[in-house]
Structure formats: structure tokens, C-alpha cells
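A.B. asks: Sharing my_file_14.txt, compact mmCIF, C-alpha atoms and all ligand atoms:
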```txt
# COMPACT_ATOMS: atom_id res chain seq x y z
CA MET V 1 -30.54 -6.26 -54.48
CA LYS V 2 -27.01 -6.42 -55.98
CA THR V 3 -26.71 -7.92 -59.48
CA LYS V 4 -25.69 -11.55 -59.22
CA LYS V 5 -23.42 -13.29 -61.68
CA VAL V 6 -24.67 -16.54 -63.17
CA LEU V 7 -22.68 -19.06 -65.17
CA VAL V 8 -24.91 -21.20 -67.41
CA VAL V 9 -23.60 -24.52 -68.74
CA ASP V 10 -25.68 -26.11 -71.49
CA PRO V 11 -24.47 -28.01 -74.57
CA LEU V 12 -27.69 -27.13 -76.45
CA GLU V 13 -27.31 -23.63 -77.77
CA LYS V 14 -31.01 -22.88 -78.32
CA ARG V 15 -31.99 -23.95 -74.83
CA ARG V 16 -29.02 -22.13 -73.32
CA ARG V 17 -29.90 -18.87 -75.12
CA ARG V 18 -33.50 -19.11 -73.97
CA LEU V 19 -32.43 -19.58 -70.37
CA ALA V 20 -29.85 -16.80 -70.63
CA SER V 21 -32.28 -14.26 -72.07
CA PHE V 22 -34.86 -15.19 -69.42
CA LEU V 23 -32.34 -14.52 -66.62
CA ARG V 24 -31.04 -11.33 -68.24
CA GLU V 25 -34.60 -10.05 -68.27
CA LEU V 26 -34.55 -10.62 -64.51
CA ALA V 27 -31.39 -8.50 -64.19
CA TYR V 28 -28.90 -11.29 -63.67
CA GLU V 29 -25.46 -10.96 -65.22
CA LEU V 30 -24.98 -13.94 -67.51
CA THR V 31 -22.01 -15.92 -68.82
CA GLU V 32 -22.68 -18.91 -71.09
CA VAL V 33 -20.51 -21.96 -71.71
CA GLN V 34 -21.14 -25.26 -73.47
CA ASP V 35 -19.67 -27.77 -71.03
CA ILE V 36 -18.59 -28.18 -67.44
CA LYS V 37 -14.88 -28.16 -68.39
CA GLN V 38 -15.24 -24.59 -69.70
CA ALA V 39 -17.13 -23.72 -66.53
CA ALA V 40 -14.31 -25.14 -64.43
CA ASP V 41 -11.80 -22.97 -66.30
CA LYS V 42 -13.75 -19.91 -65.16
CA LEU V 43 -14.50 -21.10 -61.67
CA LEU V 44 -11.17 -22.64 -60.59
CA GLY V 45 -9.61 -19.22 -60.13
CA VAL V 46 -10.56 -15.87 -58.70
CA ASN V 47 -14.16 -15.15 -59.74
CA ASN V 48 -17.32 -13.57 -58.41
CA PHE V 49 -20.01 -15.90 -59.68
CA SER V 50 -22.92 -16.55 -57.33
CA PHE V 51 -24.62 -19.32 -59.32
CA LEU V 52 -23.67 -22.17 -61.58
CA ILE V 53 -26.63 -23.54 -63.56
CA PHE V 54 -25.70 -26.84 -65.13
CA ASN V 55 -28.10 -28.26 -67.69
CA CYS V 56 -27.34 -31.90 -68.20
CA SER V 57 -29.09 -35.18 -69.01
CA GLN V 58 -26.13 -37.40 -68.23
CA LEU V 59 -23.28 -37.17 -65.74
CA ASP V 60 -20.03 -39.13 -65.95
CA SER V 61 -17.34 -39.47 -63.27
CA TYR V 62 -15.13 -36.88 -65.00
CA GLN V 63 -17.91 -34.28 -64.74
CA VAL V 64 -18.58 -35.24 -61.11
CA GLY V 65 -14.87 -34.78 -60.38
CA LEU V 66 -14.96 -31.30 -61.92
CA LEU V 67 -18.08 -30.41 -59.92
CA ARG V 68 -16.30 -31.52 -56.74
CA SER V 69 -13.29 -29.30 -57.54
CA ILE V 70 -15.55 -26.37 -58.38
CA HIS V 71 -17.46 -26.83 -55.14
CA SER V 72 -14.38 -27.03 -52.93
CA PHE V 73 -12.81 -23.99 -54.65
CA ASN V 74 -16.08 -21.99 -54.40
CA PRO V 75 -17.83 -23.06 -51.17
CA ARG V 76 -20.20 -20.07 -51.41
CA LEU V 77 -21.27 -20.83 -55.03
CA SER V 78 -24.81 -22.19 -55.42
CA ILE V 79 -24.78 -25.04 -57.94
CA ILE V 80 -28.11 -25.85 -59.61
CA LEU V 81 -28.49 -28.93 -61.74
CA LEU V 82 -31.23 -28.91 -64.39
CA THR V 83 -32.15 -32.36 -65.54
CA PRO V 84 -35.24 -33.87 -67.23
CA GLN V 85 -37.97 -35.32 -65.03
CA ASP V 86 -37.30 -38.81 -66.40
CA GLU V 87 -33.80 -38.72 -64.82
CA PRO V 88 -34.86 -38.37 -61.18
CA TYR V 89 -31.83 -40.11 -59.67
CA LEU V 90 -29.20 -38.25 -61.63
CA GLY V 91 -28.65 -35.51 -59.07
CA VAL V 92 -29.73 -37.31 -55.90
CA GLU V 93 -26.24 -38.61 -55.10
CA LEU V 94 -24.74 -35.20 -55.82
CA ILE V 95 -27.23 -33.53 -53.49
CA ASN V 96 -26.44 -36.09 -50.79
CA LYS V 97 -22.73 -35.34 -51.16
CA GLY V 98 -23.47 -31.62 -50.90
CA LEU V 99 -22.05 -30.98 -54.39
CA ILE V 100 -25.19 -29.36 -55.77
CA HIS V 101 -27.79 -27.27 -53.99
CA HIS V 102 -30.86 -27.70 -56.16
CA LEU V 103 -32.38 -29.88 -58.81
CA GLY V 104 -34.72 -28.43 -61.40
CA GLU V 105 -36.22 -29.17 -64.77
CA PRO V 106 -34.70 -27.52 -67.86
CA GLU V 107 -38.05 -26.23 -69.11
CA ASN V 108 -39.41 -24.95 -65.80
CA LEU V 109 -37.99 -21.42 -65.88
CA SER V 110 -40.30 -19.89 -63.29
CA GLY V 111 -39.38 -22.76 -60.92
CA LEU V 112 -35.72 -21.96 -61.56
CA TYR V 113 -36.35 -18.31 -60.70
CA ALA V 114 -37.87 -19.36 -57.37
CA VAL V 115 -34.77 -21.46 -56.68
CA LEU V 116 -32.46 -18.54 -57.49
CA ILE V 117 -34.35 -16.17 -55.16
CA ASN V 118 -34.29 -18.75 -52.40
CA GLU V 119 -30.56 -19.40 -52.83
CA GLN V 120 -29.86 -15.69 -53.03
CA GLU V 121 -31.49 -15.18 -49.61
CA LYS V 122 -29.46 -18.03 -48.19
CA GLN V 123 -26.26 -16.55 -49.63
CA GLU V 124 -27.04 -13.20 -48.03
CA LEU V 125 -27.77 -14.86 -44.68
CA ARG V 126 -24.51 -16.81 -44.95
CA TYR V 127 -22.68 -13.58 -45.78
CA LYS V 128 -24.20 -11.82 -42.74
CA ASN V 129 -23.48 -14.85 -40.61
CA ASP V 130 -19.84 -14.75 -41.72
CA LEU V 131 -19.65 -11.07 -40.80
CA TYR V 132 -21.15 -11.77 -37.38
CA LEU V 133 -18.74 -14.65 -36.83
CA LYS V 134 -15.82 -12.46 -37.85
CA GLU V 135 -17.01 -9.73 -35.48
CA LEU V 136 -17.55 -12.29 -32.73
CA ARG V 137 -14.04 -13.69 -33.18
CA LYS V 138 -12.66 -10.14 -33.05
CA LEU V 139 -14.62 -9.43 -29.86
CA LYS V 140 -13.43 -12.70 -28.37
CA ARG V 141 -9.81 -11.81 -29.11
CA GLU V 142 -10.34 -8.37 -27.55
CA GLN V 143 -12.04 -9.91 -24.53
CA GLU V 144 -9.11 -12.31 -24.10
CA ARG V 145 -6.71 -9.35 -24.26
CA TYR V 146 -8.75 -7.45 -21.66
CA LEU V 147 -8.99 -10.50 -19.42
CA LYS V 148 -5.26 -10.95 -19.64
CA LYS V 149 -4.73 -7.31 -18.75
CA ALA V 150 -7.29 -7.59 -15.95
CA ASP V 151 -5.44 -10.65 -14.62
CA ILE V 152 -2.16 -8.74 -14.62
CA LEU V 153 -3.81 -5.77 -12.90
CA GLU V 154 -5.45 -8.08 -10.36
CA GLU V 155 -2.04 -9.64 -9.68
CA ILE V 156 -0.43 -6.22 -9.22
CA TYR V 157 -3.33 -5.18 -7.01
CA ASP V 158 -3.06 -8.35 -4.90
CA THR V 159 0.69 -7.94 -4.53
CA THR V 160 0.18 -4.31 -3.51
CA ILE V 161 -2.31 -5.33 -0.84
CA GLU V 162 -0.01 -8.11 0.40
CA ASN V 163 2.94 -5.71 0.54
CA LEU V 164 0.92 -3.05 2.28
CA MET V 165 -0.29 -5.63 4.77
CA THR V 166 3.26 -6.87 5.37
CA ALA V 167 4.41 -3.27 5.88
CA LEU V 168 1.63 -2.78 8.43
CA ASP V 169 2.44 -6.01 10.23
CA LEU V 170 6.14 -5.17 10.28
CA ARG V 171 5.36 -1.88 11.94
CA ASP V 172 3.97 -3.83 14.82
CA VAL V 173 6.19 -6.91 15.09
CA GLU V 174 4.25 -8.42 17.97
CA THR V 175 1.35 -9.01 15.64
CA PHE V 176 3.39 -10.09 12.64
CA GLY V 177 1.43 -12.60 10.54
CA HIS V 178 -1.82 -11.48 12.17
CA SER V 179 -3.40 -10.19 8.93
CA ARG V 180 -2.72 -13.41 7.07
CA THR V 181 -4.12 -15.51 9.91
CA VAL V 182 -7.33 -13.48 10.34
CA ALA V 183 -7.83 -13.48 6.57
CA LYS V 184 -7.82 -17.27 6.60
CA TYR V 185 -10.04 -17.52 9.70
CA SER V 186 -12.55 -15.14 8.08
CA GLN V 187 -12.72 -17.16 4.89
CA VAL V 188 -13.26 -20.41 6.82
CA LEU V 189 -16.06 -18.82 8.88
CA ALA V 190 -17.63 -17.28 5.77
CA ARG V 191 -17.74 -20.69 4.06
CA ILE V 192 -19.42 -22.30 7.09
CA LEU V 193 -21.99 -19.50 6.96
CA GLY V 194 -22.78 -20.33 3.35
CA ILE V 195 -20.68 -17.81 1.44
CA GLU V 196 -19.39 -19.86 -1.49
CA GLU V 197 -18.79 -17.27 -4.21
CA LYS V 198 -15.09 -17.12 -4.99
CA GLU V 199 -15.10 -13.37 -5.56
CA LYS V 200 -16.84 -12.67 -2.25
CA LEU V 201 -14.43 -14.92 -0.37
CA ASP V 202 -11.54 -13.18 -2.04
CA ASN V 203 -12.88 -9.77 -1.07
CA ILE V 204 -13.28 -10.92 2.52
CA ARG V 205 -9.64 -11.98 2.40
CA LYS V 206 -8.59 -8.57 1.08
CA GLY V 207 -10.68 -6.77 3.67
CA ALA V 208 -9.16 -8.88 6.43
CA LEU V 209 -5.63 -8.24 5.16
CA LEU V 210 -6.27 -4.50 5.17
CA HIS V 211 -8.50 -4.22 8.25
CA ASP V 212 -6.06 -2.04 10.22
CA VAL V 213 -4.76 0.00 7.29
CA GLY V 214 -6.02 3.12 9.10
CA LYS V 215 -3.35 2.60 11.77
CA ILE V 216 -0.89 4.09 9.25
CA ALA V 217 -2.26 7.44 10.39
CA ILE V 218 -1.86 6.73 14.12
CA PRO V 219 1.48 7.89 15.54
CA ASP V 220 3.92 5.29 16.85
CA SER V 221 3.99 7.13 20.18
CA ILE V 222 0.40 5.96 20.70
CA LEU V 223 0.44 2.70 18.78
CA LYS V 224 3.57 1.39 20.50
CA LYS V 225 3.14 3.02 23.86
CA ALA V 226 4.37 0.70 26.59
CA GLY V 227 2.06 1.92 29.30
CA SER V 228 -1.70 2.29 29.34
CA LEU V 229 -3.30 4.80 27.00
CA THR V 230 -5.02 8.00 28.03
CA GLU V 231 -8.65 8.55 26.98
CA GLU V 232 -7.45 11.06 24.41
CA GLU V 233 -5.07 8.47 22.94
CA TRP V 234 -7.85 5.89 22.85
CA GLU V 235 -9.96 8.37 20.94
CA LYS V 236 -7.24 8.60 18.32
CA ILE V 237 -6.94 4.79 18.12
CA ARG V 238 -10.70 4.55 17.65
CA LEU V 239 -10.39 6.68 14.54
CA HIS V 240 -8.46 4.00 12.65
CA PRO V 241 -11.48 2.25 11.00
CA SER V 242 -12.75 5.52 9.53
CA LEU V 243 -9.24 6.65 8.57
CA GLY V 244 -8.63 3.28 6.87
CA PHE V 245 -11.92 3.45 5.04
CA GLY V 246 -11.10 6.98 3.89
CA LEU V 247 -7.80 5.73 2.52
CA ILE V 248 -9.17 2.85 0.50
CA LYS V 249 -12.48 4.20 -0.73
CA GLU V 250 -10.70 6.18 -3.43
CA ILE V 251 -9.27 3.04 -4.97
CA LYS V 252 -12.70 1.58 -5.77
CA LEU V 253 -12.47 -1.43 -3.51
CA VAL V 254 -15.62 -3.53 -3.41
CA PRO V 255 -18.09 -3.12 -0.50
CA GLU V 256 -16.98 -6.22 1.42
CA VAL V 257 -13.45 -4.84 1.71
CA GLY V 258 -14.64 -1.41 2.86
CA ASN V 259 -17.17 -2.93 5.28
CA ILE V 260 -14.50 -4.94 7.05
CA ILE V 261 -12.19 -1.94 7.35
CA LEU V 262 -14.91 0.43 8.57
CA TYR V 263 -16.93 -1.87 10.82
CA HIS V 264 -14.44 -4.37 12.25
CA HIS V 265 -14.69 -2.83 15.73
CA GLU V 266 -18.48 -2.70 15.85
CA ARG V 267 -20.03 -5.01 18.44
CA TYR V 268 -23.20 -7.05 18.02
CA ASP V 269 -24.85 -5.31 21.00
CA GLY V 270 -24.23 -1.86 19.50
CA THR V 271 -21.47 -0.74 21.87
CA GLY V 272 -18.62 -0.84 19.39
CA TYR V 273 -17.16 1.89 17.20
CA PRO V 274 -17.13 4.02 15.04
CA GLN V 275 -20.91 4.01 14.39
CA GLN V 276 -22.31 1.85 17.22
CA LEU V 277 -24.14 -0.31 14.67
CA LYS V 278 -26.16 -3.11 16.19
CA GLY V 279 -26.91 -6.73 15.21
CA GLU V 280 -27.52 -7.30 11.53
CA HIS V 281 -27.02 -3.61 10.75
CA ILE V 282 -23.36 -4.54 10.90
CA PRO V 283 -22.47 -6.11 7.53
CA LEU V 284 -22.03 -9.89 7.79
CA GLU V 285 -18.41 -9.83 6.62
CA ALA V 286 -17.56 -7.39 9.43
CA ARG V 287 -19.34 -9.60 12.00
CA ILE V 288 -17.38 -12.58 10.71
CA PHE V 289 -14.13 -10.68 10.77
CA ALA V 290 -14.68 -9.38 14.32
CA LEU V 291 -14.63 -12.94 15.66
CA ALA V 292 -11.62 -13.92 13.54
CA ASP V 293 -9.73 -10.85 14.77
CA ALA V 294 -10.54 -11.60 18.41
CA LEU V 295 -9.55 -15.26 18.05
CA ASP V 296 -6.11 -14.34 16.81
CA ALA V 297 -5.69 -11.55 19.35
CA ILE V 298 -6.50 -13.88 22.28
CA THR V 299 -4.16 -16.62 21.08
CA SER V 300 -1.27 -14.29 20.23
CA TYR V 301 1.57 -12.97 22.35
CA ARG V 302 1.29 -9.40 23.60
CA PRO V 303 3.98 -7.48 25.46
CA TYR V 304 1.65 -7.10 28.43
CA ARG V 305 0.46 -10.74 28.53
CA LYS V 306 1.26 -14.23 27.32
CA GLU V 307 -0.59 -15.87 24.46
CA ARG V 308 -3.56 -17.95 25.59
CA ASP V 309 -4.57 -21.31 24.17
CA PHE V 310 -7.44 -21.93 21.79
CA GLN V 311 -9.59 -23.55 24.47
CA VAL V 312 -9.47 -20.31 26.49
CA ALA V 313 -10.22 -18.34 23.31
CA ARG V 314 -13.23 -20.57 22.62
CA GLU V 315 -14.60 -20.01 26.13
CA GLU V 316 -14.10 -16.28 25.87
CA ILE V 317 -15.82 -16.11 22.49
CA ILE V 318 -18.79 -18.12 23.76
CA LYS V 319 -18.96 -15.86 26.83
CA ASN V 320 -19.30 -12.87 24.47
CA LYS V 321 -21.93 -14.46 22.24
CA ALA V 322 -24.64 -11.90 21.35
CA THR V 323 -22.79 -9.11 23.15
CA GLN V 324 -19.55 -8.69 21.23
CA PHE V 325 -20.18 -11.34 18.57
CA ASP V 326 -23.01 -12.39 16.26
CA PRO V 327 -24.44 -15.64 17.77
CA GLU V 328 -24.54 -17.29 14.34
CA VAL V 329 -20.88 -16.54 13.75
CA VAL V 330 -20.07 -17.95 17.20
CA ASP V 331 -22.01 -21.12 16.32
CA ALA V 332 -20.10 -21.36 13.04
CA PHE V 333 -16.83 -21.01 14.95
CA CYS V 334 -17.86 -23.69 17.47
CA SER V 335 -18.88 -26.10 14.69
CA ILE V 336 -15.19 -26.66 13.93
CA GLU V 337 -12.80 -28.49 16.25
CA ILE V 338 -10.21 -26.38 18.06
CA SER V 339 -7.38 -28.36 16.46
CA LYS V 340 -8.45 -27.15 13.01
CA TRP V 341 -8.23 -23.49 14.05
CA GLU V 342 -4.81 -24.21 15.57
CA LYS V 343 -3.73 -25.83 12.32
CA ILE V 344 -4.82 -22.75 10.31
CA ARG V 345 -2.75 -20.53 12.56
CA PHE V 346 0.25 -22.81 12.26
CA GLU V 347 -0.06 -22.84 8.44
CA THR V 348 -0.41 -19.07 8.11
CA THR V 349 2.48 -18.15 10.36
CA ARG V 350 5.09 -20.85 9.73
CA PHE V 351 6.63 -19.20 6.65
CA LEU V 352 7.93 -16.10 8.37
CA PRO V 353 11.56 -17.13 9.06
CA GLN V 354 13.22 -13.88 7.94
CA TYR V 355 11.33 -11.91 10.57
CA GLU V 356 11.62 -14.38 13.41
CA PRO V 357 14.57 -12.64 15.10
CA TRP V 358 12.54 -9.43 15.21
CA ILE V 359 9.63 -11.22 16.78
CA LYS V 360 11.89 -12.99 19.28
CA SER V 361 13.58 -9.75 20.26
CA ALA V 362 10.20 -8.13 20.64
CA LYS V 363 9.05 -10.98 22.85
CA SER V 364 12.13 -10.76 25.07
CA ARG V 365 11.62 -7.05 25.64
FE FE S 401 -8.58 -2.57 14.21
FE FE S 402 -6.56 -6.98 13.96
```
Show this structure as C-alpha cells.

C.D. replies:
Amino acid sequence: MKTKKVLVVDPLEKRRRRLASFLRELAYELTEVQDIKQAADKLLGVNNFSFLIFNCSQLDSYQVGLLRSIHSFNPRLSIILLTPQDEPYLGVELINKGLIHHLGEPENLSGLYAVLINEQEKQELRYKNDLYLKELRKLKREQERYLKKADILEEIYDTTIENLMTALDLRDVETFGHSRTVAKYSQVLARILGIEEKEKLDNIRKGALLHDVGKIAIPDSILKKAGSLTEEEWEKIRLHPSLGFGLIKEIKLVPEVGNIILYHHERYDGTGYPQQLKGEHIPLEARIFALADALDAITSYRPYRKERDFQVAREEIIKNKATQFDPEVVDAFCSIEISKWEKIRFETTRFLPQYEPWIKSAKSR
């Protein structure tokens, strides 16, 4: 244990010497003074004392004032008051005010030693505690810095996804706004089905925004072909979920996002693509998304047909319950009034003014 410095205050020289030699024997480093004023001179400045032992049979307000200053200047200093047994109330008030840590009797030296050991342990615990707190504060500051950076990265990441999605939608002006609408539909359906976790809902949104990212790799001559597609062309189109998944899996997107991209054309009865997964083998988020995607497709304009209303879409979705769509997702869809789905679509597509001429010209083609 490191040598501790002790300052002994005692007006009686003989008693002070006796106490000092006792503590020196126990390997403490001793400084002796006669009164509390001399002690204050040493303690109201830079010092490394661990203990102040104050032997006193009477305390006046001046001494109490000095003790208070010493205590506030040295919050880690243990102050021990030695007072005769016939003065039991002398230190009580000081203890209550937190100005001294222990009361002892001037003649009970072994008792004093026990007090010193006890205080020493407390001081070491306080010291360790301070170190832990310091470390904790440092970690907290670092964590805040990381969180801030993570927020910025998340923002950049979100913007990148939004921009990529806009670029995809712009490539196919007839479906402009589609990604945003299906993202919202998917989140609403997910909530009805009990998905509450913000992160999961956000991932479903990202997956929905990016669901057709694989179409980047499909040539315009196929994607925008006016007439009907050949079987060979269909085969290429059917590659887009796997192509999309291949594109995003490198950027460590969470499973929900990848599942939507890869499985959004699977059908509940196992006749979809690319893997012909069936029923609950298709991840829930992909089953949710499949309905959202179909709802927007049915109610949107296509060059080869007019948009159909939400009532027609509802009937068509119910007709395909348990074949194309998960029955539970269909029930979730039907649990909301048609007007609410219409409102979502209105909200997600109304802020697209700068692209409206493109859409109009596409519609008039
Ligand atoms: Fe698709
Ligand atoms: Fe779609």
C-alpha cells in the first residue's frame, strides 16, 4: 500500500509526539502542527495529505470555519476528530454537516489505526470510482461521436437509396412514384400484422424502395418494349430479383431489405419466381410487399390499360387470396377502408410536380 501522508494537529506536545511516533511505526508519513490555523496554512494550497487528525477538547466557530474551508478545498481528505469521551456532542454536528469523517478518543490509538485503515480503503475505492467515472465519461463522449457519425452515414445512405429509387422510377416514367407508394403501403400492412419495431419498419421501407433495383441490368429494349414480350425476354425480366439482390448484398443491407428484393415476385402457392418458394417459406416482408406492389400496379396507369379503382383492386386481391397472396396479408389489407389506401397513394404521389409533364406525355403516347 502506498505511504499515506498524515497531518496531526494537537496543542499538547507530549500527546502529539506519542501519536506521531505510533503512526510513524505504522509507516505513515507524519507532519505535526499545534493548531488548526497552522493546519489550514498547509492544507489550503496544493498538498498531498490523505488524513487530518485533529485532537481537540473544545471547538469554537473560528475553528469550525477553518475546518469547512479545509474540507471544501480538499474534498478527498479524511478528517478525524479526536476528542475525550466526556465530550460526546462536540463532533456530532460536524459529522452531520459532513465536515469530519470520524470521531475517536485521543488515547485509543489502536482504534485510531482501525479508522485509518477503513478510511484508506474508502479513499482507494473513491479513487477507483473516479477513474471509472472518467473512463465512462470518455466512452460516452466517444459513443456520442460515433452515433453522430452513424447518423450522418445513415442520412447519406438514405439519400443514396432515395436517389437511386428516383433514378429507377424516372427510367420508367409510367410508374413514377411507385416505389414511394409501395414503401408506404408495405409499412402500413406490416404494422397491422404486428411489426412495430422502428428499425424493421424502416428496413421494409428501404426494401420496398429498392425492390426493382435489378431492373438496372435489364435493357430498355425489353423493359420499355411497346408490344408483348417473347418468352426469352420474359426470362430476362424474371432475372431482376436475383440481379438486384446480387447488387445490394455487397453493401451489407439487412435481411429484410434483401428479402424484399429477392422474393418480391414469389407467390404464396409456390408458382412465383425466382425460387418458387411457397407459403411461409417466403419471408413475411416479401409476402407483405407482394400485395403492396400489386395494389399499386392495379391502380396505376399503364400504356396498355387504364388505371383501375381501388374497389377493383380489392376484389382482385381477394380473388388471389392464398394463391398469389398470403391470406393473412390479404386480411390485413381488407381490415382497412379503401379510402385510407387511396389517401396514402394521394399523399405519396402529390409532390411530384417537376416530373408531371413527363408523366403526362407518357400517358398521351
Ligand atoms: Fe419486380
Ligand atoms: Fe414494383

A.B. asks: List every protein, DNA or RNA residue that has at least one atom no more than 12 Å from (-20.3, 1.7, 16.3) in the file's coordinates, counting all atoms listed in the file, and write the result as a list in words.

C.D. replies: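 Nearby residues: Arg238, Leu239, Pro241, Ser242, Leu262, Tyr263, His264, His265, Glu266, Arg267, Tyr268, Asp269, Gly270, Thr271, Gly272, Tyr273, Pro274, Gln275, Gln276, Leu277, Lys278, Gly279, His281, Ile282, Pro283, Ala286 and Gln324 of chain V.
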
A.B. asks: All residues within 10 Å of ligand FE 402 (chain S) are required, counting all atoms listed in the file; please report them as a PyMOL selection string.

C.D. replies: chain V and resi 169+175+178-179+181-183+208-213+264-265+289-290+292-297

A.B. asks: Let me make sure I understand: among V:Ile70, V:Ile218, V:Leu229, V:Val254, which one has the smallest atom-to-atom distance to ligand FE 401 (chain S) if we use all atoms listed in the file?

C.D. replies: V:Ile218

A.B. asks: Looking at only C-alpha atoms and all ligand atoms, which of V:Arg345, V:His240, V:His71, V:Lys97 is the one that sits closest to ligand FE 401 (chain S)?

C.D. replies: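 The answer is V:His240, which sits nearest to ligand FE 401 (chain S).
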
A.B. asks: Separation of atom CA of Leu81 of chain V and atom CA of Asp130 of chain V, in Å?

C.D. replies: 26.0 Å

A.B. asks: Might you pull out every residue within 12 Å of Asn118 of chain V, with only C-alpha atoms counted and same-chain residues fewer than 5 positions away left off, and present them as an MDAnalysis selection string?

C.D. replies: chainID V and resid 51 78 80 101:102 111:113 123:125

A.B. asks: Measuring atom to atom with only C-alpha atoms, identify which of V:Lys5, V:Arg145, V:Lys206, V:Lys321 is nearest to Met165 of chain V.

C.D. replies: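 That would be V:Lys206, the residue with the smallest distance to Met165 of chain V.
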
A.B. asks: Residues within 12 Å of segment 327-342 of chain V, please, as a PyMOL selection string. Count all atoms listed in the file; anything in the same chain fewer than 4 positions from it doesn't count.

C.D. replies: chain V and resi 181-182+184-194+267-269+279-280+284-292+294-296+299-300+308-323+346-350

A.B. asks: Pick from V:Arg180, V:Arg17, V:Lys225, V:Lys215: nearest to ligand FE 401 (chain S), with all atoms listed in the file counted?

C.D. replies: V:Lys215
